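Okay, structure first, notes after.
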Amino acid sequence: MSDLSLSGRRGSLAACLLRGRGLGGLLLLGVVVALPFFCNAYWLDVCVSIGLYALLALSLNLILGQAGIFHMGHAAFFGVGAYTTAILNTMFHIPVLWLMPVSGAVAALFALIVARPIIHLRGDYLLIVTIGIVEIVRIALLNDVGGITGGSNGIFGISRPQLFGFRIYKSLHFYWLVWGMVGLTLLLFYGLWHSRVGRALNYIKADDVAAEGCGINVAFYKLTAFVLGAFWAGMAGTVYAAKMSTIAPESFNFMESVIIFAVVILSGGSQLGVLISAFLFIGLPELLREFSDARMLIFGLAMMLMMIWRPQGLLPCLPRRYGRLRALMASADTAKEHHA
Amino acid sequence: MEQFFQQLLNGLAVGGIYALVALGYTMVYGVLKLINFAHGDLFTIGAYLGLTLLVSGGLAGSLPPVLAVLLVFFMVGLLVALIGCALERVAYRPLRKAGRLSAVVSALGASIFFQNAVMLVYGARPYVYPNSLRPDFTIELFGYALPGMRVMVIAATVALMLALWAFIQKTRMGAAVRAVAIDQGAARLMGINVNRIISLVFLIGPGLGGMAGLLVGMYYGKIDFTMGWTYGLKAFTAAILGGIGNIPGAMLGGLLLGVVEALAASYVAFAWKDAVAFCVLILILIIRPTGILGERTADKL
């Protein structure tokens, strides 16, 4: 899994280098690779959750950061993924890693069903509806809907994942699994950002009326962003269920959505920004443990101060550059001149 | 029939409280296009301050209970209004030119800050309002015996809403608030001090929210430091339901939400009470995407 993580990171790093943020990315890669050798078990667990939040924030970044859809209900998709894994694993004993795409697909389908009627809502109206979806999902899980979610106790006894006969159960194993997935996600989403879809999403964020006017099917692309983001959150849910081996409705509440949302907004929208922001948001409360009761007070204060300090986010996306296109056009021009 | 009538009045009382809190959301949204997520926690602060003033302030002993409660009611409004005004100065004013979502995250941070501040000052256990201060008389109406508290909460919320409506519609200051909500730049050109109006809105909104906090304490008798999340979310839902930025919309949305919730809790299922509000919201927004009283604005091109 570590190989995968390295190649994944390198792929997006090469791109980062081109954009002048290579040093930061390189440093982060070094930190991610070196951390397991310096951390004790407790901090390793913290790093696993940082990776998990990075994964969730990257998937929300697609919806909120790239397409500009006000979505504060990502914990709902995360929860649907985690519960799908938990239910299918404990009831039918299907291996956990097999369930990763299944959970992703179920979360994506759920997103498609709930987002279809509300996708046309404007900014803040959509925001409250997505919060409503989180609450409805949490209450449904609490009320043991269909008799399979285990009510407020949740579900326990989820088995550990196995990869080619290798059983993943230590924190260190999960560390590589999660950060490997983060690396792969960075690579794939970077490709998406460069694609037609990525450009369409950015255009919708900048001005959805103009985008519609240019022939972009706004509802379709917004739904695509939702479904893709939910798919990824569902897969993160699988990893979470496997890591915790017990899950309960309170892990997928509104506060969780708020944290993921804040990670994305503080990041400014770039991938490197999301990773740094996840480190800050999940790492900071752990560093503040010595303040015990006052730690969330300081956390809230830090949230305010960070936004006042950098209202545009830590690392906003750099403007797109179409170097290759320009080079092509230039060569076409010279060719024309030659003909003339 | 009796149960229906009682639940209807219960819904109106709770709905009136939702409406008071929703007014704070909607007025702030009207002038700043900001969702003030810390508003729910200002409401909690109101409930706690009210308790402190009533119990340890010594007012309960030296004055007749009705006068004491009335005095505390306005003191709480004033204190929370000042906190709200300070919050705007510190956390929102520096972000006024930034993206809207940055201010939302700042508001979320403020919410976490206030919630934990209340927890640190008062402790994590829930508090109980003294029974001696809660009126326990009943009023006879249409042959039904109505709890006095219920009637008083409805009366208080209606009075406050009428006062606000009169202020916004009938005074010069109110006209200025309406003007700033429509177009800040044009309002500034007409000689309106926009910063002062925004401060004023952050006095009125949190003031009403704080009073609503005291009302909840009096009505249910029990408060805890996390109640701002639930009431805040419900009130925000109510504001959106009525059409955000629209003052009569917030009142209507709040009352409607309270009644629907009370009826659903007694006739459908109590465990799903909190989900009902959101289901109603989604259904109404599918039919009317800008809320019940929200105007459809044309797209600017």
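How things are named: the first chain in the structure tokens is A, the next is B, and so on; residues count from 1 in each chain; ligands count from 1 in the order shown.
Near chain B, counting only C-alpha atoms at 7 Å, the chain A residues are A:Pro117, A:Ile118, A:Leu121, A:Tyr125, A:Ile128, A:Val129, A:Gly132, A:Glu135, A:Ile136, A:Ile139, A:Ala262, A:Ile265, A:Met296, A:Leu297, A:Gly300, A:Leu301, A:Met303, A:Met304, A:Met307, A:Ile308, A:Pro311, A:Gln312.
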Handout entry: Long-range neighbours of A:Ser251 as a PyMOL selection string, 10 Å cut-off, only C-alpha atoms, 3 positions minimum in chain
Key = chain A and resi 75+78-79+138+154+247-248+254-256
Residues as selected, C-alpha atoms, written as a PDB file, in the first residue's frame, can you do that?
ATOM      1  CA  ALA A  75     -21.467  13.690   7.070  1.00  0.00           C
ATOM      2  CA  PHE A  78     -20.040   9.528   5.036  1.00  0.00           C
ATOM      3  CA  GLY A  79     -22.545   7.938   7.421  1.00  0.00           C
ATOM      4  CA  ARG A 138     -28.921  10.825  11.942  1.00  0.00           C
ATOM      5  CA  GLY A 154     -24.948   1.562  16.519  1.00  0.00           C
ATOM      6  CA  ILE A 247     -20.039   2.880  14.584  1.00  0.00           C
ATOM      7  CA  ALA A 248     -22.864   4.931  16.100  1.00  0.00           C
ATOM      8  CA  PHE A 254     -24.109  18.122  12.131  1.00  0.00           C
ATOM      9  CA  MET A 255     -20.893  19.057  13.961  1.00  0.00           C
ATOM     10  CA  GLU A 256     -18.992  16.546  11.824  1.00  0.00           C
TER      11      GLU A 256
END
Problem - Residues within 7 Å of stretch 5-19 of chain B, only C-alpha atoms, excluding chain neighbours under 5 positions, as a ChimeraX atom specification - result: /B:150,153-154,157,212,234-235,250-251,253-259,261-263
Exercise for the section: Give the strand (DSSP E or B) residues of stretch 30-194 of chain A, as assigned by DSSP on the backbone, as JSON, numbers by chain. Expected result: {"A": [155, 156, 162, 163, 166, 167]}
Selection file, C-alpha atoms, as a PDB file, in the first residue's frame:
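New file out10.pdb:
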ATOM      1  CA  ILE A 155     -23.282  -1.508  15.068  1.00  0.00           C
ATOM      2  CA  PHE A 156     -20.252  -3.273  16.493  1.00  0.00           C
ATOM      3  CA  GLN A 162      -7.666  -7.916   4.360  1.00  0.00           C
ATOM      4  CA  LEU A 163      -5.500  -7.042   1.405  1.00  0.00           C
ATOM      5  CA  PHE A 166      -2.510  -9.352   4.672  1.00  0.00           C
ATOM      6  CA  ARG A 167      -4.702  -8.465   7.616  1.00  0.00           C
TER       7      ARG A 167
END
Practice task
Could you please determine the separation between atom CA of A:Gly65 and atom CA of A:Ala107 in Å, to one decimal place?
Solution key: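 Taking atom CA of A:Gly65 as the start and atom CA of A:Ala107 as the end point, the length is 19.9 Å.
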